[in-house]
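Listing of my_file-v4.pdb; format and content: PDB, C-alpha atoms and all ligand atoms.
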```pdb
MODEL        1
ATOM      1  CA  MET A   3     110.050 107.955 109.953  1.00  0.00           C
ATOM      2  CA  ALA A   4     111.516 110.816 107.997  1.00  0.00           C
ATOM      3  CA  LYS A   5     110.179 111.447 104.498  1.00  0.00           C
ATOM      4  CA  ASN A   6     112.936 111.048 101.902  1.00  0.00           C
ATOM      5  CA  ILE A   7     112.963 111.755  98.188  1.00  0.00           C
ATOM      6  CA  THR A   8     115.855 110.073  96.376  1.00  0.00           C
ATOM      7  CA  ILE A   9     117.255 111.382  93.107  1.00  0.00           C
ATOM      8  CA  ASP A  10     119.949 109.355  91.374  1.00  0.00           C
ATOM      9  CA  GLY A  11     121.620 109.815  88.046  1.00  0.00           C
ATOM     10  CA  PRO A  12     124.897 110.455  86.231  1.00  0.00           C
ATOM     11  CA  GLY A  13     126.948 113.658  86.457  1.00  0.00           C
ATOM     12  CA  GLY A  14     125.357 116.646  84.750  1.00  0.00           C
ATOM     13  CA  SER A  15     121.864 115.114  84.655  1.00  0.00           C
ATOM     14  CA  GLY A  16     120.656 118.136  86.636  1.00  0.00           C
ATOM     15  CA  LYS A  17     119.897 116.207  89.801  1.00  0.00           C
ATOM     16  CA  SER A  18     121.672 118.536  92.220  1.00  0.00           C
ATOM     17  CA  THR A  19     120.049 121.654  90.710  1.00  0.00           C
ATOM     18  CA  ILE A  20     116.637 120.006  90.953  1.00  0.00           C
ATOM     19  CA  ALA A  21     117.243 118.503  94.394  1.00  0.00           C
ATOM     20  CA  LYS A  22     118.302 121.903  95.714  1.00  0.00           C
ATOM     21  CA  ALA A  23     115.313 123.728  94.189  1.00  0.00           C
ATOM     22  CA  LEU A  24     112.843 121.042  95.223  1.00  0.00           C
ATOM     23  CA  SER A  25     114.063 120.921  98.816  1.00  0.00           C
ATOM     24  CA  LYS A  26     113.658 124.697  99.005  1.00  0.00           C
ATOM     25  CA  ASP A  27     110.094 124.524  97.646  1.00  0.00           C
ATOM     26  CA  LEU A  28     109.211 121.745 100.092  1.00  0.00           C
ATOM     27  CA  GLY A  29     111.013 123.339 103.048  1.00  0.00           C
ATOM     28  CA  ILE A  30     113.122 120.213 103.686  1.00  0.00           C
ATOM     29  CA  THR A  31     116.853 119.456 103.721  1.00  0.00           C
ATOM     30  CA  TYR A  32     118.956 118.788 100.627  1.00  0.00           C
ATOM     31  CA  LEU A  33     121.608 116.113 101.147  1.00  0.00           C
ATOM     32  CA  ASP A  34     124.262 116.131  98.420  1.00  0.00           C
ATOM     33  CA  THR A  35     126.014 112.764  98.827  1.00  0.00           C
ATOM     34  CA  GLY A  36     128.443 113.449  95.976  1.00  0.00           C
ATOM     35  CA  ALA A  37     129.943 116.147  98.213  1.00  0.00           C
ATOM     36  CA  MET A  38     130.870 113.453 100.734  1.00  0.00           C
ATOM     37  CA  TYR A  39     132.814 111.396  98.167  1.00  0.00           C
ATOM     38  CA  ARG A  40     134.368 114.605  96.850  1.00  0.00           C
ATOM     39  CA  ALA A  41     135.452 115.580 100.375  1.00  0.00           C
ATOM     40  CA  THR A  42     137.026 112.148 100.889  1.00  0.00           C
ATOM     41  CA  ALA A  43     138.874 112.425  97.568  1.00  0.00           C
ATOM     42  CA  TYR A  44     140.034 115.939  98.433  1.00  0.00           C
ATOM     43  CA  TYR A  45     141.322 114.743 101.808  1.00  0.00           C
ATOM     44  CA  ALA A  46     143.199 111.822 100.200  1.00  0.00           C
ATOM     45  CA  LEU A  47     144.838 114.129  97.645  1.00  0.00           C
ATOM     46  CA  SER A  48     145.749 116.637 100.353  1.00  0.00           C
ATOM     47  CA  ARG A  49     147.546 113.799 102.214  1.00  0.00           C
ATOM     48  CA  GLY A  50     149.389 112.848  99.024  1.00  0.00           C
ATOM     49  CA  VAL A  51     147.321 109.681  98.566  1.00  0.00           C
ATOM     50  CA  ASP A  52     146.303 108.501  95.096  1.00  0.00           C
ATOM     51  CA  PRO A  53     142.522 107.772  95.159  1.00  0.00           C
ATOM     52  CA  ALA A  54     143.187 104.693  92.993  1.00  0.00           C
ATOM     53  CA  ASP A  55     145.629 103.220  95.531  1.00  0.00           C
ATOM     54  CA  VAL A  56     143.265 101.111  97.624  1.00  0.00           C
ATOM     55  CA  THR A  57     145.836 100.157 100.277  1.00  0.00           C
ATOM     56  CA  ALA A  58     146.886 103.781 100.802  1.00  0.00           C
ATOM     57  CA  VAL A  59     143.263 104.991 100.922  1.00  0.00           C
ATOM     58  CA  LEU A  60     142.353 102.331 103.480  1.00  0.00           C
ATOM     59  CA  ALA A  61     145.329 103.385 105.604  1.00  0.00           C
ATOM     60  CA  ILE A  62     143.953 106.929 105.982  1.00  0.00           C
ATOM     61  CA  LEU A  63     140.220 106.135 105.998  1.00  0.00           C
ATOM     62  CA  GLY A  64     140.148 105.750 109.782  1.00  0.00           C
ATOM     63  CA  ASP A  65     141.556 109.287 110.161  1.00  0.00           C
ATOM     64  CA  ILE A  66     138.526 110.775 108.409  1.00  0.00           C
ATOM     65  CA  SER A  67     135.865 111.997 110.752  1.00  0.00           C
ATOM     66  CA  MET A  68     133.215 113.571 108.527  1.00  0.00           C
ATOM     67  CA  ASP A  69     130.381 115.908 109.447  1.00  0.00           C
ATOM     68  CA  VAL A  70     127.668 117.400 107.267  1.00  0.00           C
ATOM     69  CA  LYS A  71     126.157 120.646 108.550  1.00  0.00           C
ATOM     70  CA  TYR A  72     123.766 123.241 107.195  1.00  0.00           C
ATOM     71  CA  VAL A  73     125.031 126.771 107.438  1.00  0.00           C
ATOM     72  CA  GLY A  74     123.161 129.757 105.972  1.00  0.00           C
ATOM     73  CA  GLY A  75     120.896 127.446 103.968  1.00  0.00           C
ATOM     74  CA  GLY A  76     123.798 125.565 102.343  1.00  0.00           C
ATOM     75  CA  GLN A  77     125.393 122.187 102.985  1.00  0.00           C
ATOM     76  CA  LYS A  78     128.931 122.162 104.293  1.00  0.00           C
ATOM     77  CA  VAL A  79     131.186 119.135 104.650  1.00  0.00           C
ATOM     78  CA  TYR A  80     133.767 119.042 107.423  1.00  0.00           C
ATOM     79  CA  ILE A  81     136.651 116.634 107.811  1.00  0.00           C
ATOM     80  CA  CYS A  82     138.149 116.490 111.295  1.00  0.00           C
ATOM     81  CA  GLY A  83     136.406 119.791 112.040  1.00  0.00           C
ATOM     82  CA  GLY A  84     137.781 121.634 108.986  1.00  0.00           C
ATOM     83  CA  ASP A  85     135.388 122.930 106.307  1.00  0.00           C
ATOM     84  CA  VAL A  86     136.497 121.407 102.974  1.00  0.00           C
ATOM     85  CA  THR A  87     133.446 122.631 101.014  1.00  0.00           C
ATOM     86  CA  PRO A  88     135.281 125.418  99.145  1.00  0.00           C
ATOM     87  CA  TYR A  89     137.715 122.916  97.574  1.00  0.00           C
ATOM     88  CA  ILE A  90     135.555 120.002  96.462  1.00  0.00           C
ATOM     89  CA  ARG A  91     134.056 121.470  93.287  1.00  0.00           C
ATOM     90  CA  GLU A  92     137.382 121.778  91.499  1.00  0.00           C
ATOM     91  CA  TYR A  93     137.559 120.018  88.138  1.00  0.00           C
ATOM     92  CA  LYS A  94     140.107 117.358  89.148  1.00  0.00           C
ATOM     93  CA  ILE A  95     138.091 116.379  92.212  1.00  0.00           C
ATOM     94  CA  SER A  96     135.194 114.949  90.134  1.00  0.00           C
ATOM     95  CA  MET A  97     137.236 112.078  88.708  1.00  0.00           C
ATOM     96  CA  ALA A  98     139.101 111.554  91.993  1.00  0.00           C
ATOM     97  CA  ALA A  99     135.731 111.231  93.781  1.00  0.00           C
ATOM     98  CA  SER A 100     134.507 108.721  91.218  1.00  0.00           C
ATOM     99  CA  THR A 101     137.710 106.687  91.616  1.00  0.00           C
ATOM    100  CA  ILE A 102     137.735 106.678  95.422  1.00  0.00           C
ATOM    101  CA  SER A 103     134.010 105.846  95.512  1.00  0.00           C
ATOM    102  CA  LYS A 104     134.750 102.426  93.970  1.00  0.00           C
ATOM    103  CA  ILE A 105     136.275 101.277  97.274  1.00  0.00           C
ATOM    104  CA  PRO A 106     133.592  99.437  99.292  1.00  0.00           C
ATOM    105  CA  GLU A 107     135.003 100.543 102.684  1.00  0.00           C
ATOM    106  CA  VAL A 108     134.794 104.180 101.569  1.00  0.00           C
ATOM    107  CA  ARG A 109     131.195 103.698 100.449  1.00  0.00           C
ATOM    108  CA  LEU A 110     130.167 101.957 103.674  1.00  0.00           C
ATOM    109  CA  LYS A 111     131.535 104.852 105.708  1.00  0.00           C
ATOM    110  CA  MET A 112     129.596 107.413 103.650  1.00  0.00           C
ATOM    111  CA  VAL A 113     126.438 105.280 103.578  1.00  0.00           C
ATOM    112  CA  GLU A 114     126.401 105.012 107.371  1.00  0.00           C
ATOM    113  CA  LEU A 115     126.371 108.793 107.734  1.00  0.00           C
ATOM    114  CA  GLN A 116     123.828 109.195 104.911  1.00  0.00           C
ATOM    115  CA  ARG A 117     121.429 106.754 106.570  1.00  0.00           C
ATOM    116  CA  ILE A 118     121.748 108.530 109.930  1.00  0.00           C
ATOM    117  CA  ILE A 119     120.930 111.901 108.361  1.00  0.00           C
ATOM    118  CA  ALA A 120     118.073 110.479 106.268  1.00  0.00           C
ATOM    119  CA  ALA A 121     116.539 108.757 109.306  1.00  0.00           C
ATOM    120  CA  GLN A 122     116.537 111.982 111.322  1.00  0.00           C
ATOM    121  CA  THR A 123     115.594 114.480 108.640  1.00  0.00           C
ATOM    122  CA  ASP A 124     113.035 114.868 105.860  1.00  0.00           C
ATOM    123  CA  CYS A 125     115.290 115.360 102.868  1.00  0.00           C
ATOM    124  CA  VAL A 126     115.829 115.319  99.151  1.00  0.00           C
ATOM    125  CA  ILE A 127     118.951 113.200  98.785  1.00  0.00           C
ATOM    126  CA  ASP A 128     120.859 112.846  95.554  1.00  0.00           C
ATOM    127  CA  GLY A 129     123.648 110.555  94.394  1.00  0.00           C
ATOM    128  CA  ARG A 130     124.289 107.382  92.419  1.00  0.00           C
ATOM    129  CA  ASP A 131     123.081 104.577  94.698  1.00  0.00           C
ATOM    130  CA  ILE A 132     120.545 106.256  96.972  1.00  0.00           C
ATOM    131  CA  GLY A 133     117.332 104.598  95.755  1.00  0.00           C
ATOM    132  CA  SER A 134     119.072 101.313  94.976  1.00  0.00           C
ATOM    133  CA  TYR A 135     121.347 100.804  97.985  1.00  0.00           C
ATOM    134  CA  VAL A 136     121.282 103.540 100.639  1.00  0.00           C
ATOM    135  CA  LEU A 137     117.501 103.950 101.008  1.00  0.00           C
ATOM    136  CA  PRO A 138     115.813 101.238  98.927  1.00  0.00           C
ATOM    137  CA  GLU A 139     112.632 101.641 100.979  1.00  0.00           C
ATOM    138  CA  ALA A 140     112.263 105.380 100.256  1.00  0.00           C
ATOM    139  CA  LYS A 141     108.724 106.327  99.269  1.00  0.00           C
ATOM    140  CA  TYR A 142     109.743 108.553  96.382  1.00  0.00           C
ATOM    141  CA  LYS A 143     112.529 107.567  94.007  1.00  0.00           C
ATOM    142  CA  PHE A 144     113.614 109.349  90.848  1.00  0.00           C
ATOM    143  CA  TYR A 145     116.346 108.733  88.310  1.00  0.00           C
ATOM    144  CA  MET A 146     117.418 111.663  86.160  1.00  0.00           C
ATOM    145  CA  THR A 147     119.377 111.356  82.978  1.00  0.00           C
ATOM    146  CA  ALA A 148     120.264 113.271  79.779  1.00  0.00           C
ATOM    147  CA  SER A 149     122.502 112.657  76.779  1.00  0.00           C
ATOM    148  CA  ALA A 150     126.253 112.757  77.476  1.00  0.00           C
ATOM    149  CA  GLU A 151     126.631 115.786  75.150  1.00  0.00           C
ATOM    150  CA  ILE A 152     123.955 117.782  76.970  1.00  0.00           C
ATOM    151  CA  ARG A 153     125.370 116.864  80.378  1.00  0.00           C
ATOM    152  CA  ALA A 154     128.885 117.799  79.283  1.00  0.00           C
ATOM    153  CA  GLY A 155     127.541 121.110  77.924  1.00  0.00           C
ATOM    154  CA  ARG A 156     126.006 121.943  81.314  1.00  0.00           C
ATOM    155  CA  ARG A 157     129.203 121.049  83.188  1.00  0.00           C
ATOM    156  CA  TYR A 158     131.339 122.972  80.695  1.00  0.00           C
ATOM    157  CA  LEU A 159     129.292 126.163  81.241  1.00  0.00           C
ATOM    158  CA  GLU A 160     129.511 125.767  85.027  1.00  0.00           C
ATOM    159  CA  LEU A 161     133.283 125.280  84.884  1.00  0.00           C
ATOM    160  CA  LYS A 162     133.799 128.188  82.492  1.00  0.00           C
ATOM    161  CA  GLU A 163     131.780 130.463  84.790  1.00  0.00           C
ATOM    162  CA  LYS A 164     134.244 129.556  87.535  1.00  0.00           C
ATOM    163  CA  GLY A 165     137.155 130.369  85.238  1.00  0.00           C
ATOM    164  CA  ALA A 166     138.374 126.769  84.758  1.00  0.00           C
ATOM    165  CA  ASP A 167     140.752 126.143  81.867  1.00  0.00           C
ATOM    166  CA  VAL A 168     139.038 123.188  80.137  1.00  0.00           C
ATOM    167  CA  SER A 169     137.646 122.439  76.686  1.00  0.00           C
ATOM    168  CA  PHE A 170     134.209 121.001  75.929  1.00  0.00           C
ATOM    169  CA  ASP A 171     135.844 117.826  74.548  1.00  0.00           C
ATOM    170  CA  GLU A 172     137.791 117.253  77.762  1.00  0.00           C
ATOM    171  CA  VAL A 173     134.622 117.649  79.828  1.00  0.00           C
ATOM    172  CA  LEU A 174     132.725 115.273  77.517  1.00  0.00           C
ATOM    173  CA  GLU A 175     135.474 112.677  77.736  1.00  0.00           C
ATOM    174  CA  ASP A 176     135.528 112.962  81.539  1.00  0.00           C
ATOM    175  CA  ILE A 177     131.741 112.628  81.760  1.00  0.00           C
ATOM    176  CA  LYS A 178     131.866 109.438  79.683  1.00  0.00           C
ATOM    177  CA  LYS A 179     134.756 108.020  81.743  1.00  0.00           C
ATOM    178  CA  ARG A 180     132.936 108.779  84.990  1.00  0.00           C
ATOM    179  CA  ASP A 181     129.677 107.254  83.664  1.00  0.00           C
ATOM    180  CA  LEU A 182     131.548 104.060  82.879  1.00  0.00           C
ATOM    181  CA  GLN A 183     133.437 103.982  86.173  1.00  0.00           C
ATOM    182  CA  ASP A 184     130.340 104.782  88.274  1.00  0.00           C
ATOM    183  CA  SER A 185     128.065 102.294  86.516  1.00  0.00           C
ATOM    184  CA  THR A 186     130.486  99.364  86.268  1.00  0.00           C
ATOM    185  CA  ARG A 187     131.954  99.336  89.780  1.00  0.00           C
ATOM    186  CA  ALA A 188     131.295  96.114  91.675  1.00  0.00           C
ATOM    187  CA  PHE A 189     129.738  97.582  94.821  1.00  0.00           C
ATOM    188  CA  ALA A 190     126.560  99.733  94.671  1.00  0.00           C
ATOM    189  CA  PRO A 191     127.007 100.977  91.090  1.00  0.00           C
ATOM    190  CA  LEU A 192     124.940 103.653  89.386  1.00  0.00           C
ATOM    191  CA  VAL A 193     121.738 101.923  88.247  1.00  0.00           C
ATOM    192  CA  VAL A 194     118.102 102.860  87.774  1.00  0.00           C
ATOM    193  CA  PRO A 195     116.675 101.896  91.191  1.00  0.00           C
ATOM    194  CA  GLU A 196     113.769  99.498  91.251  1.00  0.00           C
ATOM    195  CA  GLY A 197     110.537 101.488  91.275  1.00  0.00           C
ATOM    196  CA  ALA A 198     112.193 104.798  90.342  1.00  0.00           C
ATOM    197  CA  VAL A 199     110.534 107.268  87.986  1.00  0.00           C
ATOM    198  CA  VAL A 200     112.975 107.950  85.125  1.00  0.00           C
ATOM    199  CA  ILE A 201     113.121 111.523  83.831  1.00  0.00           C
ATOM    200  CA  ASP A 202     115.161 112.456  80.761  1.00  0.00           C
ATOM    201  CA  THR A 203     116.024 116.114  81.336  1.00  0.00           C
ATOM    202  CA  SER A 204     117.746 116.627  77.949  1.00  0.00           C
ATOM    203  CA  ASN A 205     115.049 118.979  76.696  1.00  0.00           C
ATOM    204  CA  MET A 206     113.409 120.060  79.933  1.00  0.00           C
ATOM    205  CA  SER A 207     113.710 123.247  81.974  1.00  0.00           C
ATOM    206  CA  ILE A 208     114.292 123.178  85.740  1.00  0.00           C
ATOM    207  CA  GLU A 209     110.666 124.218  86.278  1.00  0.00           C
ATOM    208  CA  GLU A 210     109.407 121.398  84.049  1.00  0.00           C
ATOM    209  CA  VAL A 211     111.474 118.766  85.886  1.00  0.00           C
ATOM    210  CA  LYS A 212     110.329 120.071  89.271  1.00  0.00           C
ATOM    211  CA  ALA A 213     106.697 120.027  88.142  1.00  0.00           C
ATOM    212  CA  LYS A 214     107.084 116.462  86.861  1.00  0.00           C
ATOM    213  CA  ILE A 215     108.494 115.293  90.199  1.00  0.00           C
ATOM    214  CA  LYS A 216     105.776 117.082  92.142  1.00  0.00           C
ATOM    215  CA  GLU A 217     103.126 115.141  90.164  1.00  0.00           C
ATOM    216  CA  TYR A 218     104.267 112.045  92.069  1.00  0.00           C
ATOM    217  CA  LEU A 219     104.475 113.530  95.569  1.00  0.00           C
ATOM    218  CA  CYS A 220     101.490 113.364  97.884  1.00  0.00           C
TER     219      CYS A 220
HETATM  220  O1  LIG B   1     127.362 113.882  92.116  1.00  0.00           O
HETATM  221  P1  LIG B   1     128.845 114.255  92.032  1.00  0.00           P
HETATM  222  O2  LIG B   1     129.314 114.589  90.656  1.00  0.00           O
HETATM  223  O3  LIG B   1     129.199 115.330  93.012  1.00  0.00           O
HETATM  224  O4  LIG B   1     129.615 112.905  92.486  1.00  0.00           O
HETATM  225  C1  LIG B   1     131.005 112.769  92.406  1.00  0.00           C
HETATM  226  C2  LIG B   1     131.370 111.292  92.368  1.00  0.00           C
HETATM  227  O5  LIG B   1     131.059 110.680  93.626  1.00  0.00           O
HETATM  228  C3  LIG B   1     130.628 110.451  91.336  1.00  0.00           C
HETATM  229  O6  LIG B   1     131.285 110.427  90.086  1.00  0.00           O
HETATM  230  C4  LIG B   1     130.567 109.086  91.961  1.00  0.00           C
HETATM  231  C5  LIG B   1     130.589 109.360  93.448  1.00  0.00           C
HETATM  232  N1  LIG B   1     129.278 109.199  94.083  1.00  0.00           N
HETATM  233  C6  LIG B   1     128.897 107.933  94.396  1.00  0.00           C
HETATM  234  O7  LIG B   1     129.586 106.974  94.069  1.00  0.00           O
HETATM  235  N2  LIG B   1     127.736 107.718  95.078  1.00  0.00           N
HETATM  236  C7  LIG B   1     126.956 108.742  95.425  1.00  0.00           C
HETATM  237  N3  LIG B   1     125.832 108.493  96.124  1.00  0.00           N
HETATM  238  C8  LIG B   1     127.317 110.067  95.073  1.00  0.00           C
HETATM  239  C9  LIG B   1     128.487 110.269  94.377  1.00  0.00           C
ENDMDL
END
```
Can you present the structure in this file as structure tokens?
Amino acid sequence: MAKNITIDGPGGSGKSTIAKALSKDLGITYLDTGAMYRATAYYALSRGVDPADVTAVLAILGDISMDVKYVGGGQKVYICGGDVTPYIREYKISMAASTISKIPEVRLKMVELQRIIAAQTDCVIDGRDIGSYVLPEAKYKFYMTASAEIRAGRRYLELKEKGADVSFDEVLEDIKKRDLQDSTRAFAPLVVPEGAVVIDTSNMSIEEVKAKIKEYLC
């Protein structure tokens, strides 16, 4: 059985930075599951479908054939053979991904692919429901969090570096809206998974978080 390390938590908690760095240190794969929901949201928008319109999303869901590949050390997400990775980090895609991820049929499609990859590959896998729903039997489970202000600050810097035209207050409001939407959805919401080690990264460096996680790995 493949060895999997799950890291869940809200947006901006630092989980993807840590998951990426940790997987590199351990020489195993990093599976970013948020990218899969982002890719689905991007595809819906590119077909003119509102991610909140469940009927319209379900009508195009069958057209989505998704692949996750590793190219030059990075994860790429393909839909129907086309690489959508360059488009899924845009500001508007975050909320669209959160909205589309409420639909159980969307989640089940992503979860199926996630479980296949996790069964075949040792990986650090991050998301919202990985330790609680996707891989509840994983040996190592972590939940990362930080205050909404600190998480918004991190996201704001990232977006500014990419030249996005947003204010800190907008990012903070979005983070809070996404927290609420992700943690109150009916199916596989964001929760602290049973048995997960909770790490508050508010005042921790990347190295400190990595070292903390490594204390638990054997
Ligand atoms: O981690 P991220 O910001 O890239 O995730 C974008 C959205 O995707 C997030 O707000 C909710 C959804 N998501 C999810 O529901 N389950 C996951 N395992 C990963 C992401």
Residue nearest Pro106 (chain A) - candidates A:Cys220, A:Ile201, A:Val56, A:Leu47, atoms counted: all atoms listed in the file: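 Closest candidate: A:Val56.
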Once the PyMOL selection byres (((not hetatm)) within 8 of (chain B and resi 1)) has been applied to the shown file, what residues remain in the selection, as a count of residues only? 36
Length of the CA of Ile62 (chain A) to CA of Ala41 (chain A) vector [Å]: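 Separation of CA of Ile62 (chain A) and CA of Ala41 (chain A): 13.4 Å.
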Quick one: distance from CA of Gly155 (chain A) to CA of Phe170 (chain A) in Å, one decimal?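 Between CA of Gly155 (chain A) and CA of Phe170 (chain A) the gap is 7.0 Å.
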Using the chain letters and numbers from the file, which residues does the PyMOL selection byres (((chain A and resi 82) around 7) and not hetatm) grab, as a ChimeraX atom specification? /A:66-68,80-81,83-84
Contact table region 6-118 of chain A vs region 145-150 of chain A, cut-off 6 Å, shortest pair per residue, all atoms listed in the file, as a tab-separated table:
```
residue	atom	partner	partner_atom	distance
A:Ile9	CA	A:Tyr145	CA	5.6
A:Asp10	CA	A:Tyr145	CA	4.8
A:Gly11	CA	A:Met146	CA	5.0
A:Ser15	CA	A:Thr147	CA	4.8
```
What does the distance between CA of Tyr142 (chain A) and CA of Asp202 (chain A) come to in Å, to one decimal place?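 Separation of CA of Tyr142 (chain A) and CA of Asp202 (chain A): 17.0 Å.
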Can you work out which one of A:Ile127, A:Lys216, A:Ile152, A:Glu196 has the shortest atom-to-atom distance to Leu174 (chain A), counting all atoms listed in the file?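 Nearest to Leu174 (chain A): A:Ile152.
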Selection: 10 Å around Gly64 (chain A), all atoms listed in the file, excl. self and same-chain fewer than 5 positions, as a ChimeraX atom specification: /A:59,108,111
So which residues touch Arg117 (chain A) within 10 Å, counting only C-alpha atoms, skipping near sequence neighbours fewer than 5 positions away, as a compact mmCIF listing (two decimals) with C-alpha atoms, in the coordinates of the input?
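And here's result_11.txt as it stands now:
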```txt
# COMPACT_ATOMS: atom_id res chain seq x y z
CA MET A 112 129.60 107.41 103.65
CA GLN A 122 116.54 111.98 111.32
CA THR A 123 115.59 114.48 108.64
CA ILE A 132 120.54 106.26 96.97
CA VAL A 136 121.28 103.54 100.64
CA LEU A 137 117.50 103.95 101.01
```
Closest to Tyr45 (chain A) among A:Asp85, A:Asp176, A:Asp27, A:Glu210, using only C-alpha atoms?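 Ranking A:Asp85, A:Asp176, A:Asp27, A:Glu210 by distance to Tyr45 (chain A), first place goes to A:Asp85.
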Can you translate the PyMOL selection byres (((chain A and resi 19) around 12) and not hetatm) into the concrete residues it hits in this file, as a ChimeraX atom specification? /A:9,13-18,20-26,32-34,126-128,146,156-157,160,203,207-209,211-212
So which one's closest to Ile30 (chain A), A:Val51, A:Thr42, A:Ala120, A:Glu172? Using all atoms listed in the file, please.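 Checking each candidate against Ile30 (chain A), we get A:Ala120 as the closest.
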Between A:Ala140, A:Gln77, A:Ser185, A:Ile90, which residue has the minimum interatomic distance to Ser48 (chain A), considering only C-alpha atoms?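 Between A:Ala140, A:Gln77, A:Ser185, A:Ile90, the residue approaching Ser48 (chain A) most closely is A:Ile90.
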Nearest to Pro138 (chain A) among A:Ala213, A:Leu28, A:Ala61, A:Val194, with distances taken over all atoms listed in the file: which residue is it? A:Val194
